[in-house]
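Chemist: upload-v6.txt (compact mmCIF, C-alpha atoms) pasted underneath:
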```txt
# COMPACT_ATOMS: atom_id res chain seq x y z
CA MET A 1 0.00 0.00 0.00
CA LYS A 2 2.81 2.40 0.92
CA LYS A 3 4.50 1.69 -2.41
CA LEU A 4 1.22 2.40 -4.25
CA VAL A 5 0.81 5.71 -2.43
CA ALA A 6 4.39 6.66 -3.24
CA VAL A 7 3.84 5.81 -6.93
CA LEU A 8 0.62 7.85 -7.05
CA LEU A 9 2.29 10.82 -5.38
CA THR A 10 5.18 10.65 -7.82
CA LEU A 11 2.70 10.47 -10.72
CA MET A 12 0.79 13.49 -9.40
CA LEU A 13 4.02 15.44 -9.05
CA THR A 14 5.10 14.42 -12.54
CA LEU A 15 1.76 15.47 -14.07
CA SER A 16 1.85 18.83 -12.30
CA CYS A 17 5.38 19.37 -13.51
CA PHE A 18 4.44 18.50 -17.10
CA ALA A 19 1.65 21.04 -16.85
CA ALA A 20 4.18 23.63 -15.75
CA LEU A 21 6.44 22.69 -18.65
CA ALA A 22 3.57 23.14 -21.05
CA GLU A 23 3.28 26.71 -19.81
CA GLY A 24 6.84 27.50 -20.80
CA ALA A 25 8.88 26.30 -17.83
CA LYS A 26 12.55 25.41 -18.24
CA THR A 27 13.45 22.07 -19.73
CA GLU A 28 17.11 22.07 -18.61
CA TYR A 29 18.54 22.77 -15.16
CA ASN A 30 22.18 23.41 -14.34
CA VAL A 31 23.09 22.47 -10.78
CA GLY A 32 26.33 23.09 -8.92
CA VAL A 33 27.37 20.55 -6.26
CA LEU A 34 29.94 21.57 -3.63
CA VAL A 35 31.43 18.37 -2.20
CA TRP A 36 33.51 18.04 0.98
CA LYS A 37 35.95 15.63 -0.69
CA PHE A 38 35.62 13.17 -3.54
CA ASP A 39 37.74 10.44 -1.97
CA ASP A 40 35.41 9.85 0.99
CA THR A 41 33.95 6.37 0.46
CA TYR A 42 30.43 7.04 1.75
CA GLY A 43 30.36 10.45 0.10
CA SER A 44 31.14 8.78 -3.21
CA THR A 45 27.99 6.66 -2.90
CA VAL A 46 25.95 9.84 -2.40
CA ARG A 47 27.57 11.47 -5.45
CA LYS A 48 26.83 8.40 -7.56
CA GLY A 49 23.28 8.40 -6.21
CA MET A 50 22.82 12.03 -7.25
CA MET A 51 24.13 11.31 -10.75
CA ASP A 52 21.87 8.28 -11.15
CA TRP A 53 18.80 10.02 -9.79
CA ALA A 54 19.41 13.18 -11.80
CA GLU A 55 18.86 10.98 -14.86
CA LYS A 56 15.89 9.10 -13.41
CA VAL A 57 14.07 12.13 -12.00
CA GLY A 58 14.86 14.13 -15.11
CA ALA A 59 13.26 11.41 -17.22
CA GLU A 60 10.21 11.37 -14.91
CA LEU A 61 9.79 15.11 -15.26
CA GLY A 62 10.78 15.46 -18.90
CA VAL A 63 13.73 17.72 -18.13
CA THR A 64 17.51 17.53 -18.26
CA ILE A 65 19.41 17.91 -14.97
CA ASN A 66 23.11 18.74 -15.38
CA LEU A 67 25.33 18.32 -12.30
CA ASP A 68 28.59 20.27 -12.01
CA MET A 69 30.43 18.65 -9.08
CA GLN A 70 33.31 20.37 -7.30
CA ASP A 71 35.82 18.65 -4.98
CA ALA A 72 36.93 20.78 -2.02
CA GLY A 73 39.44 18.14 -0.89
CA ASP A 74 38.50 18.75 2.77
CA ASP A 75 39.49 22.42 2.44
CA MET A 76 36.91 25.08 3.33
CA SER A 77 38.84 27.91 1.69
CA LYS A 78 38.89 25.91 -1.56
CA GLN A 79 35.16 25.29 -1.25
CA VAL A 80 34.57 29.04 -0.97
CA GLU A 81 36.54 29.56 -4.18
CA GLU A 82 34.55 26.83 -5.90
CA CYS A 83 31.34 28.50 -4.78
CA ASP A 84 32.49 31.72 -6.46
CA GLN A 85 33.26 29.78 -9.64
CA LEU A 86 29.83 28.17 -9.65
CA ILE A 87 28.09 31.49 -9.08
CA SER A 88 29.88 32.90 -12.10
CA LYS A 89 28.16 30.20 -14.19
CA ASN A 90 24.72 31.32 -12.89
CA PRO A 91 23.40 27.85 -11.97
CA ASP A 92 19.75 27.21 -11.19
CA PHE A 93 20.62 25.60 -7.86
CA VAL A 94 23.56 24.63 -5.63
CA ILE A 95 23.73 21.48 -3.46
CA ILE A 96 26.19 21.77 -0.55
CA ASN A 97 28.18 19.11 1.32
CA LEU A 98 30.09 21.34 3.73
CA ALA A 99 33.87 21.02 4.02
CA GLU A 100 33.55 22.39 7.57
CA PRO A 101 30.33 22.26 9.65
CA ALA A 102 30.90 25.83 10.85
CA GLY A 103 31.79 27.17 7.39
CA GLY A 104 28.36 27.51 5.82
CA GLN A 105 27.69 31.19 6.44
CA VAL A 106 30.14 32.52 3.87
CA LEU A 107 28.66 30.24 1.19
CA VAL A 108 25.12 31.23 2.12
CA ASP A 109 25.93 34.94 1.96
CA LYS A 110 27.35 34.55 -1.54
CA LEU A 111 24.46 32.43 -2.84
CA LYS A 112 21.78 34.67 -1.33
CA ALA A 113 23.42 37.73 -2.88
CA ALA A 114 23.34 35.95 -6.26
CA ASN A 115 19.70 34.85 -5.70
CA ILE A 116 20.60 31.17 -6.19
CA PRO A 117 18.65 28.62 -4.09
CA PHE A 118 20.53 25.88 -2.25
CA LEU A 119 20.27 22.97 0.15
CA PHE A 120 22.71 21.15 2.44
CA TYR A 121 23.27 17.41 2.74
CA ASN A 122 25.15 14.81 4.78
CA ILE A 123 27.30 17.14 6.91
CA PRO A 124 24.97 19.32 8.98
CA PRO A 125 25.89 22.94 9.60
CA SER A 126 27.18 23.37 13.14
CA GLU A 127 24.66 23.94 15.91
CA GLU A 128 25.80 27.56 16.22
CA THR A 129 25.16 28.28 12.53
CA TYR A 130 22.21 25.99 11.75
CA ASP A 131 19.51 28.63 12.24
CA SER A 132 21.28 31.31 10.22
CA VAL A 133 22.28 29.13 7.27
CA VAL A 134 19.28 26.77 7.05
CA LYS A 135 16.19 27.96 8.91
CA GLU A 136 16.45 31.71 8.40
CA THR A 137 17.41 31.40 4.72
CA GLY A 138 14.46 29.16 3.85
CA SER A 139 16.88 26.39 2.90
CA PHE A 140 16.76 22.66 3.62
CA PHE A 141 18.98 19.90 5.02
CA VAL A 142 19.02 16.23 3.99
CA GLY A 143 20.93 14.12 6.47
CA THR A 144 20.78 11.40 9.05
CA LEU A 145 19.87 11.45 12.73
CA PRO A 146 23.34 11.75 14.28
CA ARG A 147 22.75 9.45 17.23
CA GLU A 148 20.96 6.69 15.30
CA ALA A 149 24.16 5.14 13.95
CA GLY A 150 25.74 5.13 17.41
CA ASP A 151 22.59 3.66 18.94
CA MET A 152 22.61 0.85 16.39
CA GLN A 153 26.28 0.11 16.98
CA GLY A 154 25.52 -0.21 20.68
CA GLU A 155 22.47 -2.38 19.98
CA ILE A 156 24.51 -4.69 17.74
CA LEU A 157 27.06 -5.14 20.52
CA ALA A 158 24.32 -5.76 23.08
CA ASP A 159 22.82 -8.48 20.88
CA LEU A 160 26.23 -10.15 20.51
CA TRP A 161 26.83 -9.95 24.25
CA ALA A 162 23.45 -11.47 25.05
CA ALA A 163 24.02 -14.31 22.59
CA ASP A 164 27.57 -15.25 23.63
CA PRO A 165 29.54 -13.08 26.08
CA ALA A 166 32.62 -15.31 25.86
CA ALA A 167 32.90 -14.67 22.12
CA ILE A 168 33.63 -11.00 22.86
CA ASP A 169 35.16 -11.13 26.35
CA LYS A 170 38.36 -12.87 25.30
CA ASN A 171 40.12 -12.63 28.68
CA GLY A 172 37.06 -13.71 30.64
CA ASP A 173 37.13 -10.85 33.14
CA GLY A 174 33.45 -9.98 32.64
CA VAL A 175 34.23 -6.61 31.05
CA ILE A 176 34.84 -5.66 27.40
CA GLN A 177 38.01 -3.61 26.96
CA PHE A 178 37.50 -1.30 23.97
CA VAL A 179 38.66 1.71 21.97
CA GLU A 180 36.67 4.24 19.97
CA PHE A 181 37.80 5.67 16.62
CA LYS A 182 36.23 9.08 16.00
CA GLY A 183 35.94 10.78 12.62
CA VAL A 184 36.81 14.38 13.47
CA ALA A 185 36.62 16.37 16.67
CA ASN A 186 33.83 18.88 15.91
CA ASN A 187 31.54 16.98 13.53
CA PRO A 188 28.01 16.40 14.93
CA GLU A 189 27.81 12.93 13.35
CA ALA A 190 31.16 11.91 14.83
CA ILE A 191 30.30 13.29 18.25
CA ALA A 192 26.95 11.47 18.39
CA ARG A 193 28.24 8.16 17.02
CA THR A 194 31.06 8.21 19.54
CA GLN A 195 28.81 9.04 22.46
CA TYR A 196 25.88 6.75 21.76
CA SER A 197 27.73 3.63 20.62
CA GLU A 198 29.13 3.38 24.16
CA GLU A 199 26.18 4.90 26.03
CA THR A 200 23.54 2.71 24.37
CA ALA A 201 25.58 -0.46 24.88
CA ARG A 202 25.98 0.35 28.59
CA GLU A 203 22.25 1.09 28.96
CA LEU A 204 21.52 -2.31 27.42
CA GLY A 205 23.68 -4.03 30.02
CA VAL A 206 27.04 -4.42 28.30
CA PRO A 207 30.00 -3.90 30.70
CA LEU A 208 32.60 -1.69 28.99
CA GLU A 209 36.03 -0.32 29.84
CA MET A 210 37.65 2.21 27.50
CA VAL A 211 41.41 1.56 27.61
CA THR A 212 42.59 4.73 25.81
CA ASP A 213 41.37 8.21 25.07
CA ILE A 214 39.12 8.50 22.03
CA ILE A 215 41.24 8.23 18.87
CA VAL A 216 40.55 10.84 16.19
CA ALA A 217 41.52 9.47 12.76
CA ASP A 218 39.80 11.90 10.35
CA TRP A 219 37.54 9.21 8.82
CA ASP A 220 40.71 7.91 7.14
CA THR A 221 41.83 4.29 6.62
CA GLY A 222 45.55 5.01 6.70
CA LYS A 223 45.40 7.16 9.82
CA ALA A 224 43.27 4.57 11.61
CA ASN A 225 45.69 1.85 10.58
CA ASP A 226 48.68 3.72 11.99
CA ALA A 227 46.83 4.59 15.20
CA MET A 228 45.65 1.02 15.73
CA LYS A 229 49.14 -0.42 15.27
CA ALA A 230 50.45 1.73 18.11
CA THR A 231 47.35 1.24 20.27
CA TRP A 232 47.24 -2.53 19.76
CA ALA A 233 50.93 -2.85 20.67
CA ALA A 234 50.34 -0.91 23.89
CA HIS A 235 46.98 -2.52 24.73
CA PRO A 236 46.79 -6.16 23.60
CA GLU A 237 43.84 -6.56 25.98
CA ILE A 238 41.54 -4.74 23.52
CA GLU A 239 38.46 -6.83 22.69
CA LEU A 240 36.28 -4.34 20.81
CA VAL A 241 36.66 -1.42 18.42
CA PHE A 242 33.85 1.01 17.63
CA ALA A 243 34.63 3.07 14.53
CA ASN A 244 32.62 6.08 13.34
CA ASN A 245 32.94 4.86 9.75
CA ASP A 246 33.96 1.77 7.79
CA ASP A 247 37.07 3.33 6.29
CA MET A 248 38.55 3.63 9.77
CA ALA A 249 37.24 0.18 10.72
CA LEU A 250 39.04 -1.33 7.75
CA GLY A 251 42.22 0.49 8.72
CA VAL A 252 41.91 -1.03 12.19
CA ILE A 253 41.40 -4.49 10.69
CA GLY A 254 44.47 -4.05 8.50
CA ALA A 255 46.54 -3.38 11.63
CA LEU A 256 45.05 -6.41 13.37
CA ASN A 257 45.82 -8.60 10.35
CA GLU A 258 49.54 -7.92 10.81
CA THR A 259 49.42 -9.82 14.11
CA GLY A 260 47.24 -12.62 12.76
CA TYR A 261 43.94 -11.25 14.08
CA ASN A 262 40.71 -10.77 12.11
CA THR A 263 41.97 -12.61 9.04
CA GLY A 264 38.72 -14.49 8.57
CA ASN A 265 40.65 -17.74 8.47
CA GLU A 266 39.24 -20.56 10.57
CA GLY A 267 41.04 -20.88 13.89
CA ASP A 268 42.66 -17.41 13.81
CA ASN A 269 42.06 -15.00 16.68
CA SER A 270 39.76 -12.04 16.26
CA ILE A 271 38.23 -9.14 18.14
CA THR A 272 34.92 -7.38 17.56
CA VAL A 273 35.02 -4.46 15.09
CA ILE A 274 31.84 -2.48 14.37
CA GLY A 275 31.76 0.36 11.83
CA VAL A 276 29.27 2.64 10.05
CA ASP A 277 28.34 3.11 6.37
CA ALA A 278 28.13 -0.48 5.07
CA THR A 279 30.47 0.29 2.20
CA GLU A 280 31.08 -2.45 -0.37
CA ALA A 281 34.51 -3.17 1.14
CA ALA A 282 33.03 -3.42 4.63
CA ILE A 283 30.27 -5.76 3.50
CA GLU A 284 32.86 -8.04 1.90
CA ALA A 285 34.89 -7.95 5.14
CA ILE A 286 31.79 -8.88 7.16
CA LYS A 287 30.96 -11.75 4.82
CA ALA A 288 34.57 -12.98 5.10
CA GLY A 289 34.49 -12.87 8.91
CA ARG A 290 37.14 -10.15 9.16
CA MET A 291 34.74 -7.49 10.43
CA THR A 292 31.84 -7.99 12.82
CA ALA A 293 29.17 -5.55 11.66
CA SER A 294 28.35 -2.14 10.28
CA VAL A 295 25.44 0.29 10.20
CA LYS A 296 24.20 1.16 6.75
CA GLN A 297 24.09 4.80 5.78
CA ASP A 298 22.15 4.76 2.50
CA GLY A 299 24.07 6.95 0.07
CA ASP A 300 21.79 6.19 -2.88
CA ALA A 301 18.71 7.20 -0.88
CA MET A 302 20.38 10.44 0.18
CA GLY A 303 21.37 11.17 -3.42
CA GLU A 304 17.78 10.60 -4.52
CA ALA A 305 16.42 12.87 -1.78
CA ASN A 306 18.79 15.68 -2.77
CA ILE A 307 17.56 15.57 -6.37
CA ARG A 308 13.87 15.22 -5.50
CA PHE A 309 13.83 18.05 -2.95
CA MET A 310 15.77 20.31 -5.29
CA MET A 311 13.43 19.72 -8.23
CA ASN A 312 10.34 20.04 -6.05
CA TYR A 313 11.57 23.45 -4.92
CA LEU A 314 12.50 24.59 -8.43
CA LEU A 315 9.23 23.46 -10.00
CA ASN A 316 6.73 23.99 -7.18
CA GLY A 317 8.36 26.50 -4.84
CA SER A 318 8.11 24.01 -1.95
CA TRP A 319 10.66 21.68 -0.41
CA PHE A 320 8.33 19.13 1.11
CA GLU A 321 4.81 19.39 -0.26
CA GLY A 322 4.03 16.31 -2.36
CA LEU A 323 7.05 14.32 -1.17
CA ASP A 324 5.18 12.41 1.52
CA GLN A 325 7.51 9.42 1.28
CA TYR A 326 9.80 11.46 3.53
CA LYS A 327 9.15 12.42 7.15
CA LEU A 328 9.67 16.10 7.82
CA ASN A 329 11.55 16.79 11.06
CA ASP A 330 10.17 19.01 13.79
CA ASP A 331 12.34 21.94 12.68
CA GLY A 332 10.32 22.07 9.45
CA CYS A 333 13.40 22.29 7.24
CA SER A 334 15.09 18.89 7.25
CA VAL A 335 14.62 15.16 6.71
CA TYR A 336 16.66 12.18 7.89
CA ILE A 337 17.50 9.13 5.81
CA PRO A 338 17.21 6.07 8.12
CA TYR A 339 20.10 3.75 9.00
CA ALA A 340 20.01 -0.07 9.11
CA LYS A 341 22.02 -2.73 10.97
CA ILE A 342 24.30 -4.87 8.82
CA THR A 343 25.54 -8.13 10.37
CA GLN A 344 26.62 -11.49 9.01
CA ASP A 345 23.12 -12.83 9.65
CA ALA A 346 21.57 -9.90 7.78
CA LEU A 347 23.76 -10.64 4.76
CA LYS A 348 22.86 -14.34 4.52
```
Represent the supplied structure as C-alpha cells.

Modeler:
Amino acid sequence: MKKLVAVLLTLMLTLSCFAALAEGAKTEYNVGVLVWKFDDTYGSTVRKGMMDWAEKVGAELGVTINLDMQDAGDDMSKQVEECDQLISKNPDFVIINLAEPAGGQVLVDKLKAANIPFLFYNIPPSEETYDSVVKETGSFFVGTLPREAGDMQGEILADLWAADPAAIDKNGDGVIQFVEFKGVANNPEAIARTQYSEETARELGVPLEMVTDIIVADWDTGKANDAMKATWAAHPEIELVFANNDDMALGVIGALNETGYNTGNEGDNSITVIGVDATEAAIEAIKAGRMTASVKQDGDAMGEANIRFMMNYLLNGSWFEGLDQYKLNDDGCSVYIPYAKITQDALK
C-alpha cells in the first residue's frame, strides 16, 4: 500500500510538472554541487546516487538535470573559491556538502546575494550556525539522525553480548576492553556516534572499559591503521573497536591482520570491530568474517532525496509538499534518511 501511495504521489508530481512545462517552464537545469571531498567512500555513494537520480528524476519530469560537481578536498577555503566559480556560471541551484560544519555562512551569503537557491546534505551545519544558514534562509537539510548510527552500533554489541559473552570477552574478566575511533573532533555525526555507541551499549547491560582516550583518525583508513598499530601494541587486551565509519574500521582491521587477528581464516584469533556506512569493502569484510558488523548509511537514498527536494523546490516552490515518502523533522526544514544494521546474519 505504501508503495502504491508513493507511486501515485510521484505520478501526481510528474503530471503537475508536465503542466508547468507546457506553460513554458525550463526544460534544462544546471546544478552546482559543492562536495567536501571526492575520496570519501560514503560520500562517493551519495555522489553516484545524485548522478543516477538526476537521470531518473529528469526522465520522470521530462527535463535535463546537469550536475557540475566540485571537490573541495577537505578544504573550506577551496570550497569558498569553488562556490564563487559556480556562481559565475549562474546555476539554477547549488547542493552543498560542507567542508567544515561551521563554514556555511560565507557560502550562504554569496548564494543569497546571487539569488541562487541551495540545500545542504550529509554534513549538517554546526549547531551555532544551523539557524542562520538553514532555517532563516528558507533552505533545507538532507541528512541522518546523528545518534541513530551510534545507537545501532551499541544495539549490535548488546545483541552479541546477550548471545555469547565469551565470544567477545576474550580474557574472561566480565568486562569488554574497547577503543573508539572518532571521525573528526567537531563533527556532529562523529560526536553522536562516539557518544551513543558506548552509552547505548551500557544502557543495554554491556559492561565496557575504555582503555585509551578517544582516537581521532579523520575518517581515514591510513590514519586509523597507523593509530591502531600503536594502540594494539600498547593494549593487547583490547576486545572491541567502535569506529565512526567503515574506512577507519578497515584500517583497524588491516593493523590487526599484521598480528594474525581478524583474518577471517578458521582458527585465527579475532576481536569485535563495528563500523558505520556499510560500504562495499566493509560488506565483503563482514561476509569474510574479518569485520563484525556495520550500520548502513544509504548513500543512494540520500542522493535521490537531494535531487527530489531540489526539483520540487524549483518546479513547485516548496521543499516538502508532495514528497510524503519522507518524514519532515520538527524543525520544518530537514529530513533524515534512516540507518540499518548490517551483520553477518543480515547478509545471509

Chemist: Tell me, as a PyMOL selection string, which residues lie within 12 Å of range 74-87 of chain A, counting all atoms listed in the file; anything in the same chain fewer than 2 positions away does not count.

Modeler: chain A and resi 30-40+43+67-72+89-118+184+218-220

Chemist: Select from range 128-208 of chain A every residue with an atom at most 10 Å from any atom of range 281-297 of chain A, then for each give the shortest pair of atoms and their distance in Å to one decimal, using only C-alpha atoms, rows by chain and rising number, as CSV.

Modeler:
```
residue,atom,partner,partner_atom,distance
A:Gly143,CA,A:Gln297,CA,9.9
A:Thr144,CA,A:Gln297,CA,8.1
A:Glu148,CA,A:Val295,CA,9.3
A:Ala149,CA,A:Val295,CA,6.3
A:Gly150,CA,A:Val295,CA,8.7
A:Asp151,CA,A:Val295,CA,9.8
A:Met152,CA,A:Val295,CA,6.8
A:Gln153,CA,A:Val295,CA,6.8
A:Ile156,CA,A:Ala293,CA,7.7
A:Leu157,CA,A:Ala293,CA,9.1
A:Leu160,CA,A:Thr292,CA,9.8
```

Chemist: Could you pull the residues within 7 Å of range 212-217 of chain A, counting only C-alpha atoms, minus those fewer than 2 positions along the same chain, as number ranges by chain?

Modeler: A: 179-185, 210, 219-220, 223-224

Chemist: Considering all atoms listed in the file, can you say which of A:Gln195, A:Asn306, A:Thr263, A:Thr221 comes closest to Tyr121 in chain A?

Modeler: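 Closest residue, counting all atoms listed in the file: A:Asn306.
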
Chemist: Which distance in Å separates CA of Leu347 in chain A and CA of Glu280 in chain A, to one decimal?

Modeler: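 So the two atoms, CA of Leu347 in chain A and CA of Glu280 in chain A, lie 12.1 Å apart.
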
Chemist: CA of Ala346 in chain A to CA of Val142 in chain A: how many Å, to one decimal?

Modeler: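 CA of Val142 in chain A lies at a distance of 26.5 Å from CA of Ala346 in chain A.
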
Chemist: Just give me the gap between CA of Gly205 in chain A and CA of Ile274 in chain A in Å, one decimal is fine.

Modeler: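 Rounded to one decimal, the two atoms are 17.7 Å apart.
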
Chemist: Got a sec: who's within 12 Å of Asn257 in chain A, counting only C-alpha atoms, leaving out chain neighbours fewer than 2 positions off, as a count of residues only?

Modeler: 23
